[in-house]
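See below for upload22.cif, which holds mmCIF, C-alpha atoms and all ligand atoms.
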```
data_upload
loop_
_atom_site.group_PDB
_atom_site.id
_atom_site.type_symbol
_atom_site.label_atom_id
_atom_site.label_comp_id
_atom_site.auth_asym_id
_atom_site.auth_seq_id
_atom_site.Cartn_x
_atom_site.Cartn_y
_atom_site.Cartn_z
ATOM 1 C CA MET A 20 100.527 118.585 37.025
ATOM 2 C CA LYS A 21 99.387 122.213 36.591
ATOM 3 C CA LYS A 22 95.766 121.021 36.738
ATOM 4 C CA PHE A 23 96.403 118.664 39.586
ATOM 5 C CA LEU A 24 98.034 121.083 42.031
ATOM 6 C CA PRO A 25 95.094 123.466 42.516
ATOM 7 C CA ALA A 26 92.926 120.410 43.262
ATOM 8 C CA LEU A 27 95.446 119.258 45.832
ATOM 9 C CA ALA A 28 95.610 122.753 47.328
ATOM 10 C CA MET A 29 91.816 122.880 47.487
ATOM 11 C CA ALA A 30 91.630 119.492 49.167
ATOM 12 C CA LEU A 31 94.109 120.645 51.749
ATOM 13 C CA PHE A 32 92.911 124.208 52.320
ATOM 14 C CA VAL A 33 91.855 123.334 55.834
ATOM 15 C CA ALA A 34 95.370 122.204 56.628
ATOM 16 C CA THR A 35 96.539 123.065 60.069
ATOM 17 C CA THR A 36 100.060 122.157 60.999
ATOM 18 C CA SER A 37 101.982 121.715 64.173
ATOM 19 C CA CYS A 38 105.389 120.315 65.007
ATOM 20 C CA ALA A 39 104.308 119.000 68.405
ATOM 21 C CA ALA A 40 103.363 115.322 68.283
ATOM 22 C CA GLN A 41 99.677 115.931 68.899
ATOM 23 C CA GLY A 42 98.597 113.343 66.376
ATOM 24 C CA ASP A 43 98.621 113.213 62.620
ATOM 25 C CA MET A 44 100.065 116.209 60.792
ATOM 26 C CA ILE A 45 98.304 117.473 57.675
ATOM 27 C CA LEU A 46 100.928 118.972 55.392
ATOM 28 C CA PRO A 47 100.478 122.026 53.181
ATOM 29 C CA PRO A 48 100.793 121.487 49.401
ATOM 30 C CA PRO A 49 104.444 121.481 48.265
ATOM 31 C CA ASN A 50 105.860 124.782 47.065
ATOM 32 C CA MET A 51 106.650 124.568 43.336
ATOM 33 C CA ASN A 52 108.308 127.973 42.956
ATOM 34 C CA ASP A 53 112.017 127.413 43.378
ATOM 35 C CA LYS A 54 114.706 129.764 42.141
ATOM 36 C CA LEU A 55 117.321 126.979 42.016
ATOM 37 C CA SER A 56 117.412 125.057 38.721
ATOM 38 C CA VAL A 57 117.661 121.268 38.625
ATOM 39 C CA MET A 58 121.171 121.645 37.190
ATOM 40 C CA ASP A 59 122.219 123.969 40.023
ATOM 41 C CA ALA A 60 120.782 121.553 42.576
ATOM 42 C CA LEU A 61 122.723 118.682 40.967
ATOM 43 C CA ASN A 62 125.856 120.799 41.004
ATOM 44 C CA GLN A 63 125.413 121.374 44.749
ATOM 45 C CA ARG A 64 124.416 117.819 45.749
ATOM 46 C CA GLN A 65 126.669 116.248 48.357
ATOM 47 C CA SER A 66 126.397 114.374 51.655
ATOM 48 C CA SER A 67 126.305 116.550 54.788
ATOM 49 C CA ARG A 68 126.891 115.351 58.328
ATOM 50 C CA ASN A 69 127.141 118.676 60.184
ATOM 51 C CA PHE A 70 123.468 119.038 61.104
ATOM 52 C CA VAL A 71 122.051 121.481 63.642
ATOM 53 C CA ASP A 72 119.028 120.474 65.704
ATOM 54 C CA LYS A 73 116.426 122.800 64.225
ATOM 55 C CA ASN A 74 112.982 121.725 63.023
ATOM 56 C CA LEU A 75 111.906 122.089 59.426
ATOM 57 C CA SER A 76 108.789 124.101 58.677
ATOM 58 C CA PRO A 77 105.696 122.089 57.660
ATOM 59 C CA ALA A 78 106.169 123.494 54.130
ATOM 60 C CA GLN A 79 109.735 122.165 54.000
ATOM 61 C CA LEU A 80 108.659 118.764 55.323
ATOM 62 C CA SER A 81 105.903 118.665 52.739
ATOM 63 C CA LYS A 82 108.332 119.431 49.918
ATOM 64 C CA ILE A 83 110.840 116.781 51.030
ATOM 65 C CA LEU A 84 108.200 114.065 51.398
ATOM 66 C CA TRP A 85 106.436 114.957 48.169
ATOM 67 C CA ALA A 86 109.775 114.790 46.353
ATOM 68 C CA ALA A 87 110.339 111.336 47.875
ATOM 69 C CA ASN A 88 106.987 109.734 47.146
ATOM 70 C CA GLY A 89 104.339 112.337 46.339
ATOM 71 C CA ILE A 90 101.492 112.061 43.859
ATOM 72 C CA ASN A 91 102.098 114.312 40.857
ATOM 73 C CA ARG A 92 99.244 113.303 38.539
ATOM 74 C CA ALA A 93 95.497 112.918 38.731
ATOM 75 C CA ASP A 94 95.803 109.161 38.170
ATOM 76 C CA GLY A 95 97.696 108.804 41.441
ATOM 77 C CA LYS A 96 101.140 108.156 39.971
ATOM 78 C CA ARG A 97 104.145 109.637 41.701
ATOM 79 C CA THR A 98 107.325 111.713 41.539
ATOM 80 C CA VAL A 99 109.383 108.499 41.413
ATOM 81 C CA PRO A 100 108.993 105.500 39.092
ATOM 82 C CA ALA A 101 107.984 102.038 40.329
ATOM 83 C CA ALA A 102 108.149 98.720 38.446
ATOM 84 C CA ILE A 103 104.734 97.625 37.112
ATOM 85 C CA GLY A 104 103.321 100.732 38.809
ATOM 86 C CA ILE A 105 103.347 98.958 42.167
ATOM 87 C CA TYR A 106 104.470 101.357 44.889
ATOM 88 C CA SER A 107 106.017 99.017 47.438
ATOM 89 C CA VAL A 108 108.135 101.573 49.319
ATOM 90 C CA GLU A 109 106.736 103.475 52.299
ATOM 91 C CA VAL A 110 108.478 106.511 53.729
ATOM 92 C CA TYR A 111 108.704 107.045 57.481
ATOM 93 C CA ALA A 112 109.669 110.471 58.826
ATOM 94 C CA VAL A 113 111.466 110.409 62.155
ATOM 95 C CA THR A 114 111.643 113.808 63.840
ATOM 96 C CA LYS A 115 112.286 115.147 67.318
ATOM 97 C CA GLU A 116 108.540 114.846 67.978
ATOM 98 C CA GLY A 117 107.834 111.346 66.746
ATOM 99 C CA ILE A 118 107.806 108.662 64.092
ATOM 100 C CA TYR A 119 105.331 109.308 61.282
ATOM 101 C CA LEU A 120 104.277 107.370 58.194
ATOM 102 C CA TYR A 121 103.911 109.542 55.081
ATOM 103 C CA ASP A 122 100.310 109.082 53.938
ATOM 104 C CA VAL A 123 100.830 109.632 50.234
ATOM 105 C CA ASP A 124 97.161 109.886 49.255
ATOM 106 C CA ASN A 125 96.381 112.616 51.775
ATOM 107 C CA ASN A 126 99.782 114.414 51.928
ATOM 108 C CA LYS A 127 99.685 113.804 55.653
ATOM 109 C CA LEU A 128 101.992 112.448 58.339
ATOM 110 C CA LYS A 129 100.357 109.695 60.350
ATOM 111 C CA LEU A 130 101.694 109.505 63.890
ATOM 112 C CA ILE A 131 103.109 106.059 64.675
ATOM 113 C CA ALA A 132 105.043 106.720 67.903
ATOM 114 C CA GLU A 133 105.564 109.838 69.995
ATOM 115 C CA GLY A 134 108.985 110.983 71.192
ATOM 116 C CA ASP A 135 112.481 111.435 69.832
ATOM 117 C CA HIS A 136 113.467 108.132 68.195
ATOM 118 C CA ARG A 137 115.968 109.576 65.714
ATOM 119 C CA ALA A 138 118.853 107.562 67.220
ATOM 120 C CA THR A 139 117.081 104.298 66.359
ATOM 121 C CA THR A 140 117.626 105.054 62.665
ATOM 122 C CA THR A 141 121.419 104.681 62.981
ATOM 123 C CA THR A 142 123.923 102.227 64.379
ATOM 124 C CA GLY A 143 125.774 105.074 66.082
ATOM 125 C CA GLN A 144 126.406 108.065 63.819
ATOM 126 C CA SER A 145 125.793 110.941 66.235
ATOM 127 C CA PHE A 146 124.789 113.519 63.597
ATOM 128 C CA VAL A 147 121.568 111.565 63.009
ATOM 129 C CA SER A 148 120.054 112.759 66.295
ATOM 130 C CA LYS A 149 120.535 116.351 65.182
ATOM 131 C CA ALA A 150 119.066 116.069 61.697
ATOM 132 C CA ALA A 151 115.569 117.577 61.633
ATOM 133 C CA VAL A 152 114.112 114.562 59.873
ATOM 134 C CA ASN A 153 115.404 111.097 59.174
ATOM 135 C CA LEU A 154 113.534 109.400 56.366
ATOM 136 C CA VAL A 155 113.382 105.620 56.550
ATOM 137 C CA TYR A 156 112.535 103.796 53.331
ATOM 138 C CA VAL A 157 110.650 100.560 54.002
ATOM 139 C CA GLU A 158 109.659 97.899 51.501
ATOM 140 C CA THR A 159 106.151 96.465 52.029
ATOM 141 C CA PRO A 160 105.760 93.151 50.160
ATOM 142 C CA ALA A 161 101.974 93.349 50.686
ATOM 143 C CA ALA A 162 101.837 96.066 48.000
ATOM 144 C CA TRP A 163 102.180 93.279 45.405
ATOM 145 C CA GLU A 164 98.838 91.752 46.429
ATOM 146 C CA SER A 165 97.085 94.208 44.097
ATOM 147 C CA ALA A 166 99.382 93.462 41.130
ATOM 148 C CA ARG A 167 98.137 91.698 37.991
ATOM 149 C CA ARG A 168 101.298 89.595 38.031
ATOM 150 C CA THR A 169 103.658 88.978 40.911
ATOM 151 C CA PRO A 170 107.386 88.971 40.191
ATOM 152 C CA PRO A 171 109.688 86.671 42.188
ATOM 153 C CA ARG A 172 110.714 87.939 45.622
ATOM 154 C CA ASP A 173 114.285 88.851 44.578
ATOM 155 C CA SER A 174 112.907 90.990 41.739
ATOM 156 C CA GLN A 175 110.480 92.703 44.130
ATOM 157 C CA ILE A 176 113.400 93.642 46.386
ATOM 158 C CA ALA A 177 115.498 94.836 43.438
ATOM 159 C CA PHE A 178 112.580 96.951 42.144
ATOM 160 C CA ALA A 179 112.065 98.515 45.575
ATOM 161 C CA ASN A 180 115.756 99.370 45.857
ATOM 162 C CA ILE A 181 115.667 101.019 42.429
ATOM 163 C CA THR A 182 112.693 103.149 43.483
ATOM 164 C CA VAL A 183 114.533 104.090 46.683
ATOM 165 C CA GLY A 184 117.497 105.173 44.529
ATOM 166 C CA ALA A 185 115.163 107.605 42.746
ATOM 167 C CA MET A 186 113.680 108.745 46.060
ATOM 168 C CA ILE A 187 117.005 109.614 47.660
ATOM 169 C CA GLN A 188 118.083 111.677 44.669
ATOM 170 C CA SER A 189 114.715 113.486 44.537
ATOM 171 C CA VAL A 190 115.057 114.304 48.222
ATOM 172 C CA ALA A 191 118.672 115.429 47.820
ATOM 173 C CA LEU A 192 117.656 117.869 45.068
ATOM 174 C CA ALA A 193 114.595 119.140 46.957
ATOM 175 C CA ALA A 194 116.784 119.639 50.039
ATOM 176 C CA GLU A 195 119.190 121.756 47.989
ATOM 177 C CA THR A 196 116.329 124.032 46.928
ATOM 178 C CA GLU A 197 115.686 124.730 50.621
ATOM 179 C CA GLY A 198 119.353 125.179 51.554
ATOM 180 C CA LEU A 199 119.195 121.961 53.600
ATOM 181 C CA GLY A 200 121.781 119.204 53.900
ATOM 182 C CA ASN A 201 121.155 115.488 53.437
ATOM 183 C CA CYS A 202 122.953 112.199 53.998
ATOM 184 C CA VAL A 203 121.858 108.785 52.726
ATOM 185 C CA ARG A 204 122.506 106.040 55.260
ATOM 186 C CA GLY A 205 122.643 102.280 54.971
ATOM 187 C CA SER A 206 123.741 101.752 58.547
ATOM 188 C CA ILE A 207 120.464 101.599 60.481
ATOM 189 C CA ASN A 208 119.572 99.853 63.729
ATOM 190 C CA ARG A 209 116.973 97.780 61.911
ATOM 191 C CA ASP A 210 115.862 95.660 64.880
ATOM 192 C CA GLU A 211 115.355 98.693 67.093
ATOM 193 C CA PHE A 212 113.586 100.767 64.442
ATOM 194 C CA LYS A 213 111.281 97.864 63.578
ATOM 195 C CA LYS A 214 110.323 97.697 67.233
ATOM 196 C CA VAL A 215 109.676 101.393 67.872
ATOM 197 C CA ALA A 216 107.920 101.931 64.540
ATOM 198 C CA ASN A 217 105.805 98.820 65.123
ATOM 199 C CA LEU A 218 106.720 97.366 61.713
ATOM 200 C CA SER A 219 105.365 93.936 60.889
ATOM 201 C CA ALA A 220 107.919 91.164 60.410
ATOM 202 C CA GLU A 221 107.710 90.993 56.608
ATOM 203 C CA LYS A 222 108.564 94.691 56.150
ATOM 204 C CA ASN A 223 112.074 95.357 54.957
ATOM 205 C CA ILE A 224 114.064 98.463 55.964
ATOM 206 C CA LEU A 225 116.098 99.431 52.912
ATOM 207 C CA LEU A 226 117.750 102.780 53.538
ATOM 208 C CA ALA A 227 117.601 105.969 55.608
ATOM 209 C CA GLN A 228 118.287 109.605 54.729
ATOM 210 C CA SER A 229 118.927 112.443 57.145
ATOM 211 C CA VAL A 230 117.714 115.891 56.078
ATOM 212 C CA GLY A 231 118.062 119.148 57.944
ATOM 213 C CA TYR A 232 119.726 122.454 58.561
ATOM 214 C CA VAL A 233 123.526 122.332 58.561
ATOM 215 C CA LYS A 234 126.209 124.531 60.147
HETATM 216 C C1 LIG B 301 123.496 102.991 49.674
HETATM 217 C C2 LIG B 301 124.267 104.052 50.430
HETATM 218 C C3 LIG B 301 124.539 103.869 51.778
HETATM 219 C C4 LIG B 301 125.229 104.852 52.505
HETATM 220 N N1 LIG B 301 125.395 104.685 53.854
HETATM 221 C C5 LIG B 301 125.957 105.676 54.573
HETATM 222 C C6 LIG B 301 126.001 105.583 55.995
HETATM 223 O O1 LIG B 301 125.530 104.627 56.616
HETATM 224 N N2 LIG B 301 126.539 106.617 56.677
HETATM 225 C C7 LIG B 301 127.052 107.725 56.047
HETATM 226 O O2 LIG B 301 127.528 108.623 56.748
HETATM 227 N N3 LIG B 301 127.016 107.840 54.703
HETATM 228 C C8 LIG B 301 126.480 106.857 53.938
HETATM 229 N N4 LIG B 301 126.356 106.997 52.582
HETATM 230 C C9 LIG B 301 126.853 108.218 51.933
HETATM 231 C C10 LIG B 301 128.162 107.959 51.172
HETATM 232 O O3 LIG B 301 129.204 107.809 52.120
HETATM 233 C C11 LIG B 301 128.434 109.160 50.236
HETATM 234 O O4 LIG B 301 127.396 109.274 49.295
HETATM 235 C C12 LIG B 301 129.755 108.976 49.495
HETATM 236 O O5 LIG B 301 130.841 109.084 50.386
HETATM 237 C C13 LIG B 301 129.951 110.015 48.388
HETATM 238 O O6 LIG B 301 129.906 111.327 48.939
HETATM 239 P P1 LIG B 301 128.836 112.412 48.439
HETATM 240 O O7 LIG B 301 127.470 111.885 48.694
HETATM 241 O O8 LIG B 301 129.137 113.661 49.234
HETATM 242 O O9 LIG B 301 129.059 112.626 46.966
HETATM 243 C C14 LIG B 301 125.693 106.024 51.835
HETATM 244 C C15 LIG B 301 125.420 106.199 50.476
HETATM 245 C C16 LIG B 301 124.703 105.242 49.773
HETATM 246 C C17 LIG B 301 124.366 105.480 48.316
#
```

Write out the structure in this file as structure tokens.
Ligand SMILES: Cc1cc2nc3c(=O)[nH]c(=O)nc-3n(C[C@H](O)[C@H](O)[C@H](O)COP(=O)(O)O)c2cc1C
Amino acid sequence: MKKFLPALAMALFVATTSCAAQGDMILPPPNMNDKLSVMDALNQRQSSRNFVDKNLSPAQLSKILWAANGINRADGKRTVPAAIGIYSVEVYAVTKEGIYLYDVDNNKLKLIAEGDHRATTTTGQSFVSKAAVNLVYVETPAAWESARRTPPRDSQIAFANITVGAMIQSVALAAETEGLGNCVRGSINRDEFKKVANLSAEKNILLAQSVGYVK
């Protein structure tokens, strides 16, 4: 990891960031210098629903997304485990400015749809539209096309859910290091989000997680 980070920083030294939805957003490398220990972050972990509508900095977004699904080794493996090394979960970031797909390889947010679509990630919990970012965890069965062996469909779904379990806890801990709140959410307007995020039919929305400043 120590060797890998400078390479990542070098690759991204031209990073320019903006919160306006002007296209893709190149993220800065994640900050690794936290004062909060893992044990302190675990001690503080809880669900928050009292969000205030204030954007995260690009550095905070980068940290949250890297914790969820970032590459932490030169061989391309990630902060979270995945069965058979097949990463079948994509992370969408839904902010006031737009819907973005986290491009893991380039630590970049790829713009999918402009505008404030945060409400489409809930079935009616009003705090969701105030949370700076709502992560949506989406299973992509096509990821298995590159696998040496293909497990049955029910195992693929179970494996993806297990990876999402790791992702939500990573994000919760990273959020604590930034003094941010988070809330995992199973109640999602799946039909609506599929539409606005232009998800193909076979993709499977597993879970959402609101992250942001709290009162
Ligand atoms: C799979 C899953 C789905 C959840 N769905 C929702 C939800 O839709 N809305 C919500 O407000 N909280 C949701 N939660 C958060 C739980 O309500 C919360 O974790 C639980 O009450 C324990 O509280 P704590 O997280 O503060 O320890 C969900 C949690 C999990 C793990």

Exercise for review: Please identify the residues whose atoms come within 6 Å of ligand LIG 301 (chain B), using all atoms listed in the file, and report them as an MDAnalysis selection string.
Suggested key: chainID A and resid 65:66 202:206

Keeping only C-alpha atoms, write those residues as an mmCIF file, in the coordinates of the input.
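Done, and the output landed in part.cif:
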```
data_model
loop_
_atom_site.group_PDB
_atom_site.id
_atom_site.type_symbol
_atom_site.label_atom_id
_atom_site.label_comp_id
_atom_site.auth_asym_id
_atom_site.auth_seq_id
_atom_site.Cartn_x
_atom_site.Cartn_y
_atom_site.Cartn_z
ATOM 1 C CA GLN A 65 126.669 116.248 48.357
ATOM 2 C CA SER A 66 126.397 114.374 51.655
ATOM 3 C CA CYS A 202 122.953 112.199 53.998
ATOM 4 C CA VAL A 203 121.858 108.785 52.726
ATOM 5 C CA ARG A 204 122.506 106.040 55.260
ATOM 6 C CA GLY A 205 122.643 102.280 54.971
ATOM 7 C CA SER A 206 123.741 101.752 58.547
#
```

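Taking atom CA of A:Gly117 as the reference point, atom CA of A:Arg137 is found at 8.4 Å.
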
**Study point:** Residues matched by the PyMOL selection byres (((chain A and resi 188) around 12) and not hetatm) as a ChimeraX atom specification
**Key:** /A:57,60-61,64-66,83,86-88,98-99,181-187,189-195,201-203,228

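Pairwise distance (atom CA of A:Arg168, atom CA of A:Tyr106) equals 14.0 Å.
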
**Study point:** Within 9 Å of A:Asp122 using only C-alpha atoms, minus same-chain residues under 6 positions, as an MDAnalysis selection string
**Key:** chainID A and resid 109:110 128:129

Export, as a compact mmCIF listing (two decimals), in the coordinates of the input, the selected residues with C-alpha atoms.
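Writing done, so here's selection_23.txt:
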```
# COMPACT_ATOMS: atom_id res chain seq x y z
CA GLU A 109 106.74 103.48 52.30
CA VAL A 110 108.48 106.51 53.73
CA LEU A 128 101.99 112.45 58.34
CA LYS A 129 100.36 109.70 60.35
```

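Of the residues under consideration (A:Asp124, A:Asp43, A:Asp72, A:Asp53), A:Asp72 shows the shortest atom-to-atom contact distance to A:Lys234 when counting only C-alpha atoms.
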
Practice item. Evaluate the PyMOL selection byres (((chain A and resi 135) around 7) and not hetatm) and record the selected residues as a list in words, following the chain and residue labels used in the document. Key: Thr114, Lys115, Glu116, Gly117, Gly134, His136 and Arg137 of chain A

Restrict the selected residues to C-alpha atoms and save them as a JSON list (two decimals), keeping the file's coordinate frame.
```json
[["chain", "number", "residue", "atom", "x", "y", "z"],
["A", 114, "THR", "CA", 111.64, 113.81, 63.84],
["A", 115, "LYS", "CA", 112.29, 115.15, 67.32],
["A", 116, "GLU", "CA", 108.54, 114.85, 67.98],
["A", 117, "GLY", "CA", 107.83, 111.35, 66.75],
["A", 134, "GLY", "CA", 108.98, 110.98, 71.19],
["A", 136, "HIS", "CA", 113.47, 108.13, 68.19],
["A", 137, "ARG", "CA", 115.97, 109.58, 65.71]]
```

Check your understanding: Can you tell me how far atom CA of A:Gly104 sits from atom CA of A:Ile45, in Å to one decimal?
Key -> 25.7 Å

Practice item. Please provide the set of residues having any atom within 12 Å of A:Ala177, restricted to only C-alpha atoms, with same-chain residues fewer than 5 positions apart removed, written as a PyMOL selection string. Key: chain A and resi 101-102+107-108+158+160+170-172+182-184+225

Those residues you just picked out, can you put them in a file as a CSV table (one decimal), in the frame of the given file with C-alpha atoms?
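Dumped to out.csv:
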```
chain,number,residue,atom,x,y,z
A,101,ALA,CA,108.0,102.0,40.3
A,102,ALA,CA,108.1,98.7,38.4
A,107,SER,CA,106.0,99.0,47.4
A,108,VAL,CA,108.1,101.6,49.3
A,158,GLU,CA,109.7,97.9,51.5
A,160,PRO,CA,105.8,93.2,50.2
A,170,PRO,CA,107.4,89.0,40.2
A,171,PRO,CA,109.7,86.7,42.2
A,172,ARG,CA,110.7,87.9,45.6
A,182,THR,CA,112.7,103.1,43.5
A,183,VAL,CA,114.5,104.1,46.7
A,184,GLY,CA,117.5,105.2,44.5
A,225,LEU,CA,116.1,99.4,52.9
```

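Closest approach to A:Tyr156 among A:Val230, A:Ala132, A:Ile224, A:Met51 is made by A:Ile224 (distances from only C-alpha atoms).
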
Expansion of the PyMOL selection byres (((chain A and resi 209) around 12) and not hetatm) into residues, as a compact mmCIF listing (two decimals) with C-alpha atoms, keeping the file's coordinate frame:
```
# COMPACT_ATOMS: atom_id res chain seq x y z
CA ALA A 138 118.85 107.56 67.22
CA THR A 139 117.08 104.30 66.36
CA THR A 140 117.63 105.05 62.66
CA THR A 141 121.42 104.68 62.98
CA THR A 142 123.92 102.23 64.38
CA VAL A 155 113.38 105.62 56.55
CA TYR A 156 112.54 103.80 53.33
CA VAL A 157 110.65 100.56 54.00
CA ARG A 204 122.51 106.04 55.26
CA GLY A 205 122.64 102.28 54.97
CA SER A 206 123.74 101.75 58.55
CA ILE A 207 120.46 101.60 60.48
CA ASN A 208 119.57 99.85 63.73
CA ASP A 210 115.86 95.66 64.88
CA GLU A 211 115.36 98.69 67.09
CA PHE A 212 113.59 100.77 64.44
CA LYS A 213 111.28 97.86 63.58
CA LYS A 214 110.32 97.70 67.23
CA VAL A 215 109.68 101.39 67.87
CA ALA A 216 107.92 101.93 64.54
CA ASN A 217 105.80 98.82 65.12
CA LEU A 218 106.72 97.37 61.71
CA ALA A 220 107.92 91.16 60.41
CA LYS A 222 108.56 94.69 56.15
CA ASN A 223 112.07 95.36 54.96
CA ILE A 224 114.06 98.46 55.96
CA LEU A 225 116.10 99.43 52.91
CA LEU A 226 117.75 102.78 53.54
CA ALA A 227 117.60 105.97 55.61
```

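Among the candidates A:Ile105, A:Gly231, A:Val152, A:Ser145, the residue lying nearest to A:Thr169 is A:Ile105 (atoms considered: only C-alpha atoms).
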
Practice item. Write out as an NGL selection string the residues lying within 8 Å of A:Phe146, counting only C-alpha atoms and excluding same-chain residues fewer than 6 positions away. Key: :A and (68-70)

Box dimensions and centre (Å, one decimal) enclosing stretch 163-172 of chain A, axis-aligned, 3 Å extra per side, as lines of an AutoDock Vina configuration file:
```
center_x = 103.9
center_y = 90.4
center_z = 42.2
size_x = 19.6
size_y = 13.5
size_z = 14.4
```

Review point. Which polymer residues have any atom within 7 Å of an atom of A:Pro77, counting all atoms listed in the file, with same-chain residues fewer than 3 positions away left out, as number ranges by chain?
Key: A: 36, 46-47, 80-81

Print the selection's residues with C-alpha atoms to a file, as a PDB file, keeping the file's coordinate frame.
```pdb
ATOM      1  CA  THR A  36     100.060 122.157  60.999  1.00  0.00           C
ATOM      2  CA  LEU A  46     100.928 118.972  55.392  1.00  0.00           C
ATOM      3  CA  PRO A  47     100.478 122.026  53.181  1.00  0.00           C
ATOM      4  CA  LEU A  80     108.659 118.764  55.323  1.00  0.00           C
ATOM      5  CA  SER A  81     105.903 118.665  52.739  1.00  0.00           C
TER       6      SER A  81
END
```
